[in-house]
Amino acid sequence: MRFGGVVFVLLFSLTPLLWALVVSLTGTPDLILRGKLDLTLRNYVDILVMEDLHFLDYLRNSILISSISALISLALSVLSSYSLTRFGVRGSFPVLLTVLGVTLFPQVSVAGFLYKVFSALGIINTHAALVLTYTAWSLPLGIWVMYAYFSSIPKEIDMAALVDGAGRLRILLQVLLPPSVPGLVATYILLFLFSFNEFLFALMFTFDHSVRTVPVGIALFEGIHGQVPWGYITAASFISVAPVILMVLLIQRHIVRGLTGGAVKG
């Protein structure tokens with residue numbers, strides 16, 4: 001019974017991915033009607049070499065914007081979480097709930113206001129607009145994760161460093177951050193994925209391939225005579241997730257330690 005349940009969950013989870021993989025490797029978009037599977041790598045080659053698709057531009061923009069916004073958000077999350085856990089801020093938990101509650105508002109509720117602000121600043125269709133938006137939108141997630149992690153580190157460590165004459169900034173940089181590397185890595189990956197997968201803001205604030213990100217670029221792929229190029233769409237999807245999967249595989253040990261470390265009090 002248990003084995004059957006595991007098999008069902010695996011089939012339910014993997015079947016869409018396997019089907020997308022088959023579509024990306026076939027040269028016949030109507031393979032169901034034709035009943036013939038024509039395996040080819042043409043879709044992957046076209047995605048990489050056809051300049052009018054601009055896929056590499058989309059991928060470069062996504063990696064650049066997500067990396068910068070995740071780094072800024074992580075730095076702000078570290079400072080905020082350190083202050084909340086170390087300085088005895090009254091009502092810190094309600095503050096966290098308020099910060100988290102802000103992100104529960106639908107994106108479309110603030111998209112129009114942000115568009116007006118960015119238009120006034122002259123940064124529509126620039127990387128800066130998306131970096132600022134993603135940094136602010138992902139900051140509550142970073143604060144929550146780092147708050148849990150810093151809460152698990154005993155405050156006696158800070159007290160001992162203060163007695164030795166260390167300042168607060170030095171304690172944060174040289175005492176708390178080195179053992180918090182797994183938490184930092186895990187938080188950065190979460191923030192990166194948060195920005196990398198975002199669609200609505202990227203759709204509204206960008207107009208061309210010089211700034212558009214992968215989710216928007218793939219959604220706007222156009223086929224011949226109005227046909228939806230499913231082969232290109234699925235191939236581009238697999239290529240775009242490849243860097244993320246590789247990054248996660250390389251540092252998965254840190255991710256697991258980071259996500260579980262904040263759940264155990266020191």
# chains A, B, ... in the order shown; residues from 1 in each chain; ligands from 1

call {"tool": "select_by_dssp", "arguments": {"residues": "stretch 121-182 of chain A", "states": "helix (DSSP H, G or I)", "output": "PDB file with N, CA and C atoms, in the first residue's frame"}}
result
ATOM      1  N   LEU A 121      10.366  58.299 -12.416  1.00  0.00           N
ATOM      2  CA  LEU A 121      11.820  58.230 -12.223  1.00  0.00           C
ATOM      3  C   LEU A 121      12.569  57.941 -13.519  1.00  0.00           C
ATOM      4  N   HIS A 127      16.861  47.486 -15.921  1.00  0.00           N
ATOM      5  CA  HIS A 127      17.130  46.479 -14.894  1.00  0.00           C
ATOM      6  C   HIS A 127      16.830  47.015 -13.493  1.00  0.00           C
ATOM      7  N   ALA A 128      17.030  48.321 -13.321  1.00  0.00           N
ATOM      8  CA  ALA A 128      16.856  48.915 -11.998  1.00  0.00           C
ATOM      9  C   ALA A 128      15.421  48.752 -11.489  1.00  0.00           C
ATOM     10  N   ALA A 129      14.451  48.876 -12.391  1.00  0.00           N
ATOM     11  CA  ALA A 129      13.054  48.759 -11.971  1.00  0.00           C
ATOM     12  C   ALA A 129      12.771  47.378 -11.397  1.00  0.00           C
ATOM     13  N   LEU A 130      13.249  46.346 -12.047  1.00  0.00           N
ATOM     14  CA  LEU A 130      13.004  44.989 -11.565  1.00  0.00           C
ATOM     15  C   LEU A 130      13.840  44.679 -10.323  1.00  0.00           C
ATOM     16  N   VAL A 131      15.066  45.168 -10.265  1.00  0.00           N
ATOM     17  CA  VAL A 131      15.908  44.925  -9.084  1.00  0.00           C
ATOM     18  C   VAL A 131      15.276  45.543  -7.849  1.00  0.00           C
ATOM     19  N   LEU A 132      14.813  46.777  -7.956  1.00  0.00           N
ATOM     20  CA  LEU A 132      14.173  47.435  -6.813  1.00  0.00           C
ATOM     21  C   LEU A 132      12.899  46.697  -6.393  1.00  0.00           C
ATOM     22  N   THR A 133      12.101  46.308  -7.375  1.00  0.00           N
ATOM     23  CA  THR A 133      10.840  45.625  -7.075  1.00  0.00           C
ATOM     24  C   THR A 133      11.088  44.273  -6.426  1.00  0.00           C
ATOM     25  N   TYR A 134      11.978  43.488  -7.011  1.00  0.00           N
ATOM     26  CA  TYR A 134      12.241  42.148  -6.480  1.00  0.00           C
ATOM     27  C   TYR A 134      12.899  42.202  -5.109  1.00  0.00           C
ATOM     28  N   THR A 135      13.763  43.191  -4.895  1.00  0.00           N
ATOM     29  CA  THR A 135      14.403  43.328  -3.587  1.00  0.00           C
ATOM     30  C   THR A 135      13.363  43.586  -2.505  1.00  0.00           C
ATOM     31  N   ALA A 136      12.458  44.526  -2.767  1.00  0.00           N
ATOM     32  CA  ALA A 136      11.435  44.852  -1.777  1.00  0.00           C
ATOM     33  C   ALA A 136      10.448  43.706  -1.590  1.00  0.00           C
ATOM     34  N   TRP A 137      10.089  43.034  -2.682  1.00  0.00           N
ATOM     35  CA  TRP A 137       9.067  41.994  -2.605  1.00  0.00           C
ATOM     36  C   TRP A 137       9.586  40.720  -1.943  1.00  0.00           C
ATOM     37  N   SER A 138      10.879  40.453  -2.072  1.00  0.00           N
ATOM     38  CA  SER A 138      11.440  39.229  -1.495  1.00  0.00           C
ATOM     39  C   SER A 138      12.024  39.439  -0.107  1.00  0.00           C
ATOM     40  N   LEU A 139      12.139  40.691   0.325  1.00  0.00           N
ATOM     41  CA  LEU A 139      12.759  40.991   1.618  1.00  0.00           C
ATOM     42  C   LEU A 139      12.065  40.307   2.795  1.00  0.00           C
ATOM     43  N   PRO A 140      10.732  40.290   2.877  1.00  0.00           N
ATOM     44  CA  PRO A 140      10.089  39.597   4.012  1.00  0.00           C
ATOM     45  C   PRO A 140      10.468  38.125   4.110  1.00  0.00           C
ATOM     46  N   LEU A 141      10.589  37.452   2.973  1.00  0.00           N
ATOM     47  CA  LEU A 141      11.009  36.049   2.987  1.00  0.00           C
ATOM     48  C   LEU A 141      12.394  35.908   3.582  1.00  0.00           C
ATOM     49  N   GLY A 142      13.316  36.757   3.165  1.00  0.00           N
ATOM     50  CA  GLY A 142      14.673  36.702   3.697  1.00  0.00           C
ATOM     51  C   GLY A 142      14.724  36.996   5.188  1.00  0.00           C
ATOM     52  N   ILE A 143      13.920  37.959   5.633  1.00  0.00           N
ATOM     53  CA  ILE A 143      13.903  38.305   7.055  1.00  0.00           C
ATOM     54  C   ILE A 143      13.399  37.130   7.882  1.00  0.00           C
ATOM     55  N   TRP A 144      12.354  36.479   7.429  1.00  0.00           N
ATOM     56  CA  TRP A 144      11.797  35.352   8.179  1.00  0.00           C
ATOM     57  C   TRP A 144      12.799  34.220   8.315  1.00  0.00           C
ATOM     58  N   VAL A 145      13.469  33.878   7.231  1.00  0.00           N
ATOM     59  CA  VAL A 145      14.417  32.764   7.280  1.00  0.00           C
ATOM     60  C   VAL A 145      15.613  33.109   8.159  1.00  0.00           C
ATOM     61  N   MET A 146      16.195  34.292   7.979  1.00  0.00           N
ATOM     62  CA  MET A 146      17.366  34.668   8.756  1.00  0.00           C
ATOM     63  C   MET A 146      17.011  34.938  10.220  1.00  0.00           C
ATOM     64  N   TYR A 147      15.789  35.399  10.485  1.00  0.00           N
ATOM     65  CA  TYR A 147      15.358  35.594  11.873  1.00  0.00           C
ATOM     66  C   TYR A 147      15.362  34.257  12.611  1.00  0.00           C
ATOM     67  N   ALA A 148      14.827  33.224  11.977  1.00  0.00           N
ATOM     68  CA  ALA A 148      14.817  31.900  12.593  1.00  0.00           C
ATOM     69  C   ALA A 148      16.236  31.395  12.813  1.00  0.00           C
ATOM     70  N   TYR A 149      17.132  31.693  11.883  1.00  0.00           N
ATOM     71  CA  TYR A 149      18.501  31.189  12.000  1.00  0.00           C
ATOM     72  C   TYR A 149      19.267  31.929  13.095  1.00  0.00           C
ATOM     73  N   PHE A 150      19.179  33.263  13.140  1.00  0.00           N
ATOM     74  CA  PHE A 150      19.876  34.018  14.174  1.00  0.00           C
ATOM     75  C   PHE A 150      19.300  33.722  15.555  1.00  0.00           C
ATOM     76  N   SER A 151      17.995  33.404  15.613  1.00  0.00           N
ATOM     77  CA  SER A 151      17.386  33.077  16.907  1.00  0.00           C
ATOM     78  C   SER A 151      17.951  31.791  17.486  1.00  0.00           C
ATOM     79  N   GLU A 156      24.733  34.490  24.216  1.00  0.00           N
ATOM     80  CA  GLU A 156      25.949  34.512  25.032  1.00  0.00           C
ATOM     81  C   GLU A 156      27.200  34.712  24.182  1.00  0.00           C
ATOM     82  N   ILE A 157      27.139  34.285  22.930  1.00  0.00           N
ATOM     83  CA  ILE A 157      28.280  34.491  22.023  1.00  0.00           C
ATOM     84  C   ILE A 157      28.512  35.972  21.818  1.00  0.00           C
ATOM     85  N   ASP A 158      27.428  36.728  21.647  1.00  0.00           N
ATOM     86  CA  ASP A 158      27.541  38.169  21.484  1.00  0.00           C
ATOM     87  C   ASP A 158      28.093  38.822  22.751  1.00  0.00           C
ATOM     88  N   MET A 159      27.582  38.378  23.886  1.00  0.00           N
ATOM     89  CA  MET A 159      28.017  38.961  25.153  1.00  0.00           C
ATOM     90  C   MET A 159      29.519  38.753  25.378  1.00  0.00           C
ATOM     91  N   ALA A 160      29.988  37.537  25.044  1.00  0.00           N
ATOM     92  CA  ALA A 160      31.409  37.251  25.207  1.00  0.00           C
ATOM     93  C   ALA A 160      32.252  38.139  24.295  1.00  0.00           C
ATOM     94  N   ALA A 161      31.775  38.353  23.063  1.00  0.00           N
ATOM     95  CA  ALA A 161      32.518  39.205  22.134  1.00  0.00           C
ATOM     96  C   ALA A 161      32.500  40.661  22.585  1.00  0.00           C
ATOM     97  N   LEU A 162      31.377  41.105  23.155  1.00  0.00           N
ATOM     98  CA  LEU A 162      31.303  42.476  23.657  1.00  0.00           C
ATOM     99  C   LEU A 162      32.269  42.689  24.816  1.00  0.00           C
ATOM    100  N   VAL A 163      32.376  41.693  25.676  1.00  0.00           N
ATOM    101  CA  VAL A 163      33.312  41.775  26.799  1.00  0.00           C
ATOM    102  C   VAL A 163      34.747  41.892  26.286  1.00  0.00           C
ATOM    103  N   ARG A 168      29.435  45.914  17.549  1.00  0.00           N
ATOM    104  CA  ARG A 168      28.311  45.161  17.017  1.00  0.00           C
ATOM    105  C   ARG A 168      28.544  44.726  15.573  1.00  0.00           C
ATOM    106  N   LEU A 169      29.056  45.620  14.756  1.00  0.00           N
ATOM    107  CA  LEU A 169      29.283  45.271  13.349  1.00  0.00           C
ATOM    108  C   LEU A 169      30.335  44.172  13.222  1.00  0.00           C
ATOM    109  N   ARG A 170      31.375  44.264  14.040  1.00  0.00           N
ATOM    110  CA  ARG A 170      32.414  43.235  14.003  1.00  0.00           C
ATOM    111  C   ARG A 170      31.870  41.898  14.480  1.00  0.00           C
ATOM    112  N   ILE A 171      30.997  41.923  15.484  1.00  0.00           N
ATOM    113  CA  ILE A 171      30.386  40.677  15.967  1.00  0.00           C
ATOM    114  C   ILE A 171      29.565  40.033  14.854  1.00  0.00           C
ATOM    115  N   LEU A 172      28.798  40.861  14.150  1.00  0.00           N
ATOM    116  CA  LEU A 172      27.966  40.330  13.072  1.00  0.00           C
ATOM    117  C   LEU A 172      28.814  39.729  11.958  1.00  0.00           C
ATOM    118  N   LEU A 173      29.847  40.456  11.541  1.00  0.00           N
ATOM    119  CA  LEU A 173      30.633  40.024  10.390  1.00  0.00           C
ATOM    120  C   LEU A 173      31.604  38.889  10.708  1.00  0.00           C
ATOM    121  N   GLN A 174      32.213  38.918  11.888  1.00  0.00           N
ATOM    122  CA  GLN A 174      33.275  37.970  12.189  1.00  0.00           C
ATOM    123  C   GLN A 174      32.865  36.847  13.146  1.00  0.00           C
ATOM    124  N   VAL A 175      31.776  37.045  13.877  1.00  0.00           N
ATOM    125  CA  VAL A 175      31.376  36.037  14.851  1.00  0.00           C
ATOM    126  C   VAL A 175      30.128  35.278  14.409  1.00  0.00           C
ATOM    127  N   LEU A 176      29.101  36.006  13.961  1.00  0.00           N
ATOM    128  CA  LEU A 176      27.834  35.361  13.645  1.00  0.00           C
ATOM    129  C   LEU A 176      27.734  34.862  12.204  1.00  0.00           C
ATOM    130  N   PRO A 178      30.106  33.751   9.951  1.00  0.00           N
ATOM    131  CA  PRO A 178      30.818  32.516   9.542  1.00  0.00           C
ATOM    132  C   PRO A 178      30.064  31.227   9.860  1.00  0.00           C
ATOM    133  N   PRO A 179      29.521  31.040  11.071  1.00  0.00           N
ATOM    134  CA  PRO A 179      28.752  29.806  11.310  1.00  0.00           C
ATOM    135  C   PRO A 179      27.375  29.824  10.652  1.00  0.00           C
ATOM    136  N   SER A 180      26.969  30.974  10.111  1.00  0.00           N
ATOM    137  CA  SER A 180      25.649  31.089   9.487  1.00  0.00           C
ATOM    138  C   SER A 180      25.702  30.906   7.978  1.00  0.00           C
ATOM    139  N   VAL A 181      26.842  30.481   7.459  1.00  0.00           N
ATOM    140  CA  VAL A 181      26.986  30.331   6.012  1.00  0.00           C
ATOM    141  C   VAL A 181      25.908  29.432   5.407  1.00  0.00           C
ATOM    142  N   PRO A 182      25.597  28.270   6.001  1.00  0.00           N
ATOM    143  CA  PRO A 182      24.514  27.453   5.419  1.00  0.00           C
ATOM    144  C   PRO A 182      23.186  28.201   5.335  1.00  0.00           C
TER     145      PRO A 182
END

call {"tool": "residues_around", "arguments": {"residues": "stretch 52-55 of chain A", "least_positions_apart": "5", "cutoff": "10 Å", "atoms": "only C-alpha atoms", "output": "short mmCIF file (atom, residue, chain, number, x, y, z; two decimals) with C-alpha atoms, in the first residue's frame"}}
result
data_model
loop_
_atom_site.label_atom_id
_atom_site.label_comp_id
_atom_site.auth_asym_id
_atom_site.auth_seq_id
_atom_site.Cartn_x
_atom_site.Cartn_y
_atom_site.Cartn_z
CA ASP A 46 17.13 26.81 -32.52
CA ILE A 47 16.57 28.30 -29.07
CA ARG A 60 21.15 36.73 -19.12
CA ASN A 61 18.68 39.32 -17.83
CA ASP A 208 11.85 44.51 -25.21
CA HIS A 209 14.46 41.76 -25.13
CA SER A 210 17.13 44.03 -23.65
CA ARG A 212 12.82 41.08 -20.40
CA THR A 213 13.32 38.02 -18.25
CA VAL A 214 12.90 34.34 -19.11
CA GLY A 217 10.22 35.95 -22.93
CA ILE A 218 9.02 32.36 -23.12
CA LEU A 220 5.74 35.76 -25.69
CA PHE A 221 7.24 33.23 -28.08
CA GLU A 222 5.34 33.34 -31.35
CA TYR A 232 10.53 25.98 -28.34
CA ALA A 236 13.57 27.01 -23.40
CA ILE A 239 17.43 25.23 -20.59
CA SER A 240 16.43 28.08 -18.25
#

call {"tool": "atom_distance", "arguments": {"atom1": "atom CA of A:Ala219", "atom2": "atom CA of A:Thr187"}}
result
27.9 Å

call {"tool": "closest_residue", "arguments": {"among": "A:Ser80, A:Ser62, A:Ser24, A:Ser119", "to": "A:Phe238", "atoms": "only C-alpha atoms"}}
result
A:Ser24

call {"tool": "closest_residue", "arguments": {"among": "A:Leu10, A:Ala186, A:Leu191, A:Ile123", "to": "A:Thr206", "atoms": "only C-alpha atoms"}}
result
A:Ile123

call {"tool": "atom_distance", "arguments": {"atom1": "atom CA of A:Val110", "atom2": "atom CA of A:Phe205"}}
result
12.5 Å

call {"tool": "atom_distance", "arguments": {"atom1": "atom CA of A:Tyr115", "atom2": "atom CA of A:Met204"}}
result
7.7 Å

call {"tool": "closest_residue", "arguments": {"among": "A:Leu203, A:Ala111, A:Leu76, A:Val185", "to": "A:Asn125", "atoms": "only C-alpha atoms"}}
result
A:Leu203

call {"tool": "residues_around", "arguments": {"residues": "A:Thr26", "least_positions_apart": "2", "cutoff": "9 Å", "atoms": "only C-alpha atoms", "output": "PDB file with C-alpha atoms, in the first residue's frame"}}
result
ATOM      1  CA  LEU A  21      10.674  16.725 -22.169  1.00  0.00           C
ATOM      2  CA  VAL A  22       9.163  14.600 -24.958  1.00  0.00           C
ATOM      3  CA  VAL A  23       7.593  17.679 -26.550  1.00  0.00           C
ATOM      4  CA  SER A  24      10.910  19.528 -26.397  1.00  0.00           C
ATOM      5  CA  THR A  28       6.248  17.212 -34.768  1.00  0.00           C
ATOM      6  CA  PRO A  29       4.042  19.472 -32.618  1.00  0.00           C
ATOM      7  CA  LEU A  31       2.651  14.074 -32.248  1.00  0.00           C
ATOM      8  CA  LEU A  37       7.576  10.315 -32.205  1.00  0.00           C
ATOM      9  CA  ASP A  38      10.305  12.073 -34.165  1.00  0.00           C
ATOM     10  CA  LEU A  39      13.120  12.715 -31.679  1.00  0.00           C
ATOM     11  CA  THR A  40      15.424  15.602 -32.467  1.00  0.00           C
ATOM     12  CA  LEU A  41      17.488  18.314 -30.747  1.00  0.00           C
ATOM     13  CA  ARG A  42      16.420  20.938 -33.271  1.00  0.00           C
ATOM     14  CA  ASN A  43      14.302  22.842 -30.750  1.00  0.00           C
ATOM     15  CA  GLY A 231       8.705  22.681 -28.810  1.00  0.00           C
TER      16      GLY A 231
END

call {"tool": "closest_residue", "arguments": {"among": "A:Ile65, A:Ser152, A:Ala120, A:Phe194", "to": "A:Arg86", "atoms": "only C-alpha atoms"}}
result
A:Ser152
